[in-house]
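> Please see the structure below; I have some questions.
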Amino acid sequence: MTADLLPPDEPAAPRLRTAVLGAGSWGTTFAAVMADAGCDVTVWGRDEKTCRQIAEDHRNEAYLPGIELPPRVTATTDAHAAVRGADVVAVAVPSQRARSVLEPLRDAIGPRTVAVSLMKGVELSTDRRMSEVVAEALGLAPERVAVVSGPNLAREIAQRQPTATVIASTSDDTARLVARACASSYFRPYTNPDVVGVELCGAVKNVIALAVGISQGRGLGFNTMATVITRGLVEITRLGLALGADAETFPGLAGMGDLMATCASPDSRNHTLGGHIGRGMTLDEAVAATGGTAEGVKSCRSVLELATSLGVEMPITHAVVRVLHEGLPVDQLAPLLLARPHKAEGA
Ligand SMILES: NC(=O)C1=CN([C@@H]2O[C@H](COP(=O)(O)OP(=O)(O)OC[C@H]3O[C@@H](n4cnc5c(N)ncnc54)[C@H](O)[C@@H]3O)[C@@H](O)[C@H]2O)C=CC1
Ligand SMILES: O=C(CO)COP(=O)(O)O
């Protein structure tokens, strides 16, 4: 409904001011999503040329070739200026870099600003989820932090193809503010109080997508893919429940939804990188050939550490760690998983 169609006693909600830290594919796309939802958006990026292109030409050719950005998206290399006075600050840098990007901004965050993690990783040095890193680095109470996670491949959303997502926060007010900042005719947010579950789904599905990519790179077909996805969801659920997540989150958009999108799409960096490994590249070659941020490469280790510390079995994640980081030959991955002792499906 446009402002002039509102009844006279219902004033239009004030336009939100938002910032996005990170001018890569998801940061730029989410900025466009928020602008299409009616926000004024400032993107912060490290690269001057990229910021100038976003602000002046309404494009980010390095990350979103051919996409025209809404004019309400601007950009700066001054992170303090970007976040000052913002109602919502969304963070979309590689997970392992988030703490160092955010800590210097602690004093620039306003007393009512809400921070949003768009990241799908787990910090290596601490095994912390990204919403925990965001809260710690910015000195915010957990209820001022939200997580956005779901089947959200950046390129499709930048083309304004319809999708849905999950906005998780321990505070319903925070989740609803973020939903208001990003809801549009093609982007439908659902709120969820289960931050732990939503966030783990986003991080671990990248590891499962690596495993699916590896199997496809080895020439294996749909039965293998379905097996890895289904058993992958079982291990995501097991870890989530051990950390207190809600069982209903896992078959939802952030769980099964994102697993399906990431494990099926050639746009997924994790899926693509897994394919390179399956076809015989070394990890360094695969990282270089893929480009962009494939979070599962690092987060598989922190996820496994987290699982081990809780006594949770995650055989697919463990196998991915062994192939990527411990020298297990890629053709040994399937035999390793299939040689495990037989058991009941629900055990
Ligand atoms: N691309 C996608 O479809 C989606 C990505 N995500 C998540 O969003 C996060 C960001 O991913 P993308 O935007 O896709 O990655 P990207 O690789 O497209 O962009 C990363 C951005 O971070 C910047 N960056 C790298 N190191 C930095 C540092 N030390 N300090 C500051 N900036 C730095 C890069 O210059 C680049 O602008 C990841 O956690 C990813 O899992 C979540 C949903 C969808
Ligand atoms: O998270 C994503 C889709 O929801 C993007 O996946 P990749 O990081 O593997 O490209």
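Letters A, B, ... mark the chains of the structure tokens in the order given; residue numbers begin at 1 per chain; ligand numbers begin at 1, in order shown.
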Give me, as CSV, the closest atom pair and its distance (Å, one decimal) for every residue of chain A within a cut-off of 8 Å of ligand 2, counting only C-alpha atoms and all ligand atoms, rows sorted by chain and rising number.

```
residue,atom,partner,partner_atom_place_in_ligand_line,distance
A:Lys120,CA,ligand 2,1 (O),6.7
A:Ser149,CA,ligand 2,4 (O),7.0
A:Gly150,CA,ligand 2,4 (O),5.4
A:Pro151,CA,ligand 2,4 (O),4.1
A:Asn152,CA,ligand 2,4 (O),3.7
A:Leu153,CA,ligand 2,3 (C),4.0
A:Ala154,CA,ligand 2,5 (C),6.8
A:Gly202,CA,ligand 2,1 (O),6.7
A:Asn206,CA,ligand 2,9 (O),5.8
A:Ala209,CA,ligand 2,9 (O),7.1
A:Asp258,CA,ligand 2,4 (O),5.2
A:Leu259,CA,ligand 2,4 (O),7.8
A:Ala261,CA,ligand 2,3 (C),6.4
A:Thr262,CA,ligand 2,6 (O),5.3
A:Asp267,CA,ligand 2,10 (O),6.0
A:Ser268,CA,ligand 2,10 (O),3.3
A:Arg269,CA,ligand 2,10 (O),3.9
A:Asn270,CA,ligand 2,9 (O),3.9
A:His271,CA,ligand 2,9 (O),5.9
A:Thr272,CA,ligand 2,9 (O),7.6
A:Thr293,CA,ligand 2,8 (O),6.3
A:Ala294,CA,ligand 2,8 (O),5.3
A:Glu295,CA,ligand 2,8 (O),6.3
A:Gly296,CA,ligand 2,9 (O),7.9
```
> Using only C-alpha atoms and all ligand atoms, which protein or nucleic acid residues are at most 7 Å from ligand 1, as a PDB file with C-alpha atoms, in the first residue's frame?

```
ATOM      1  CA  GLY A  22      30.883  -6.085   2.732  1.00  0.00           C
ATOM      2  CA  ALA A  23      30.524  -5.243  -0.961  1.00  0.00           C
ATOM      3  CA  GLY A  24      30.701  -8.805  -2.302  1.00  0.00           C
ATOM      4  CA  SER A  25      27.914 -10.772  -3.918  1.00  0.00           C
ATOM      5  CA  TRP A  26      25.628 -11.219  -0.908  1.00  0.00           C
ATOM      6  CA  GLY A  27      26.341  -7.851   0.728  1.00  0.00           C
ATOM      7  CA  GLY A  45      33.527  -1.955   0.937  1.00  0.00           C
ATOM      8  CA  ARG A  46      37.312  -1.952   1.072  1.00  0.00           C
ATOM      9  CA  ASP A  47      37.743  -1.339  -2.616  1.00  0.00           C
ATOM     10  CA  TYR A  63      30.410  -9.610  -8.066  1.00  0.00           C
ATOM     11  CA  ALA A  92      28.465  -9.819   4.875  1.00  0.00           C
ATOM     12  CA  VAL A  93      32.225 -10.264   5.000  1.00  0.00           C
ATOM     13  CA  PRO A  94      33.896 -13.709   5.114  1.00  0.00           C
ATOM     14  CA  SER A  95      33.153 -15.180   8.564  1.00  0.00           C
ATOM     15  CA  ARG A  97      37.255 -11.727   8.946  1.00  0.00           C
ATOM     16  CA  VAL A 101      36.094  -5.729  10.628  1.00  0.00           C
ATOM     17  CA  LEU A 118      24.290 -12.490   6.821  1.00  0.00           C
ATOM     18  CA  MET A 119      27.250 -14.852   7.199  1.00  0.00           C
ATOM     19  CA  LYS A 120      27.195 -18.649   7.068  1.00  0.00           C
ATOM     20  CA  GLY A 121      30.271 -19.779   8.926  1.00  0.00           C
ATOM     21  CA  SER A 149      19.583 -17.418   6.498  1.00  0.00           C
ATOM     22  CA  ASN A 152      19.308 -17.316  -0.820  1.00  0.00           C
ATOM     23  CA  LEU A 153      21.717 -17.642  -3.718  1.00  0.00           C
ATOM     24  CA  ALA A 154      22.783 -14.059  -4.356  1.00  0.00           C
ATOM     25  CA  ARG A 155      22.635 -13.970  -8.156  1.00  0.00           C
ATOM     26  CA  SER A 268      27.060 -22.227  -5.044  1.00  0.00           C
ATOM     27  CA  GLY A 292      34.522 -15.829  -3.902  1.00  0.00           C
ATOM     28  CA  THR A 293      33.937 -17.040  -0.380  1.00  0.00           C
ATOM     29  CA  ALA A 294      33.348 -20.785   0.112  1.00  0.00           C
ATOM     30  CA  GLU A 295      32.784 -20.744   3.869  1.00  0.00           C
TER      31      GLU A 295
END
```
> Could you check the closest approach to A:Leu21 for each of A:Ala86, A:Val323, A:Ile214, A:Ile67 and tell me which residue wins, using only C-alpha atoms?
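Between A:Ala86, A:Val323, A:Ile214, A:Ile67, the residue approaching A:Leu21 most closely is A:Ala86.
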> Using only C-alpha atoms, which of the listed residues (A:Ser100, A:Ser185, A:Thr224, A:Ser302) sits closest to A:Leu337?
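Closest candidate: A:Thr224.
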> Let's see if you can do this: from backbone DSSP, list all strand (DSSP E or B) residues in stretch 83-222 of chain A, as a ChimeraX atom specification.
/A:88-91,114-117,122,129,145-149,163-168,187-192
> With C-alpha atoms retained, could you export that selection as a JSON list (two decimals), in the first residue's frame?

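Result written to part-v5.json:
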```json
[["chain", "number", "residue", "atom", "x", "y", "z"],
["A", 88, "VAL", "CA", 20.11, -1.78, 10.85],
["A", 89, "VAL", "CA", 23.71, -2.82, 10.15],
["A", 90, "ALA", "CA", 24.05, -6.05, 8.15],
["A", 91, "VAL", "CA", 27.38, -7.87, 7.99],
["A", 114, "VAL", "CA", 20.25, -3.64, 15.32],
["A", 115, "ALA", "CA", 23.04, -5.80, 13.81],
["A", 116, "VAL", "CA", 22.36, -8.60, 11.34],
["A", 117, "SER", "CA", 24.64, -11.47, 10.45],
["A", 122, "VAL", "CA", 31.68, -20.62, 12.36],
["A", 129, "ARG", "CA", 28.51, -18.80, 15.66],
["A", 145, "VAL", "CA", 21.34, -9.14, 16.87],
["A", 146, "ALA", "CA", 19.53, -11.10, 14.13],
["A", 147, "VAL", "CA", 20.55, -13.71, 11.59],
["A", 148, "VAL", "CA", 19.29, -13.94, 8.01],
["A", 149, "SER", "CA", 19.58, -17.42, 6.50],
["A", 163, "THR", "CA", 12.49, -16.59, -2.58],
["A", 164, "ALA", "CA", 11.94, -16.70, 1.16],
["A", 165, "THR", "CA", 14.28, -16.49, 4.11],
["A", 166, "VAL", "CA", 14.39, -16.81, 7.88],
["A", 167, "ILE", "CA", 15.11, -13.91, 10.22],
["A", 168, "ALA", "CA", 16.20, -15.34, 13.55],
["A", 187, "PHE", "CA", 11.84, -11.56, -0.87],
["A", 188, "ARG", "CA", 9.62, -13.01, 1.87],
["A", 189, "PRO", "CA", 11.02, -13.17, 5.42],
["A", 190, "TYR", "CA", 9.73, -15.52, 8.13],
["A", 191, "THR", "CA", 10.77, -14.79, 11.71],
["A", 192, "ASN", "CA", 12.06, -17.54, 14.02]]
```
> Work out how far apart atom CA of A:Val73 and atom CA of A:Leu177 are and give it in Å to one decimal.
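We find that atom CA of A:Val73 and atom CA of A:Leu177 lie 19.0 Å from each other.
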> Nearest to A:Val321 among A:Ala247, A:Ala211, A:Ala226, A:Ala62, with distances taken over only C-alpha atoms: which residue is it?
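Among A:Ala247, A:Ala211, A:Ala226, A:Ala62, it is A:Ala211 that comes nearest to A:Val321.
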> Just give me the gap between atom CA of A:Ala19 and atom CA of A:Ser184 in Å, one decimal is fine.
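If I compute the distance from atom CA of A:Ala19 to atom CA of A:Ser184, I get 17.6 Å.
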> Could you list, as a list in words, every residue within 10 Å of A:Gly85, counting only C-alpha atoms and ignoring same-chain residues fewer than 6 positions away?
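So the residues in contact are Arg17, Thr18, Ala19, Ala108, Ile109, Gly110, Pro111, Arg112 and Thr113 of chain A.
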> Can you tell me, as JSON, numbers by chain, which residues in stretch 26-116 of chain A count as helix (DSSP H, G or I) by DSSP?
{"A": [26, 27, 28, 29, 30, 31, 32, 33, 34, 35, 36, 48, 49, 50, 51, 52, 53, 54, 55, 56, 57, 79, 80, 81, 82, 83, 95, 96, 97, 98, 99, 100, 101, 102, 103, 104, 105, 106, 107, 108]}
> Determine the nearest neighbour of A:Glu235 from the options A:Glu305, A:Glu48, A:Glu313, A:Glu248, counting only C-alpha atoms.
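The closest residue to A:Glu235 is A:Glu313.
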> From the set A:Val212, A:Arg144, A:Val303, A:Ala245, which residue has the shortest atom-to-atom contact distance to A:Met260, counting only C-alpha atoms?
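Counting only C-alpha atoms, the residue closest to A:Met260 is A:Val212.
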> Could you pull the residues within 9 Å of A:Ala289, counting only C-alpha atoms, minus those fewer than 5 positions along the same chain, as a ChimeraX atom specification?
/A:273,276,284
> Can those selected residues be exported to a file as a PDB file, in the first residue's frame so that it contains C-alpha atoms?

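That gives us result22.pdb:
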```pdb
ATOM      1  CA  LEU A 273      34.628 -26.041  -5.046  1.00  0.00           C
ATOM      2  CA  HIS A 276      36.850 -29.247  -8.371  1.00  0.00           C
ATOM      3  CA  ASP A 284      44.585 -24.345  -3.297  1.00  0.00           C
TER       4      ASP A 284
END
```
> One number please: atom CA of A:Gly346 to atom CA of A:Arg238, in Å, one decimal.
10.8 Å
> Point out the residue among A:Glu345, A:Glu285, A:Glu156, A:Glu103 with the least atom-to-atom distance to A:Val134, counting only C-alpha atoms.
A:Glu103
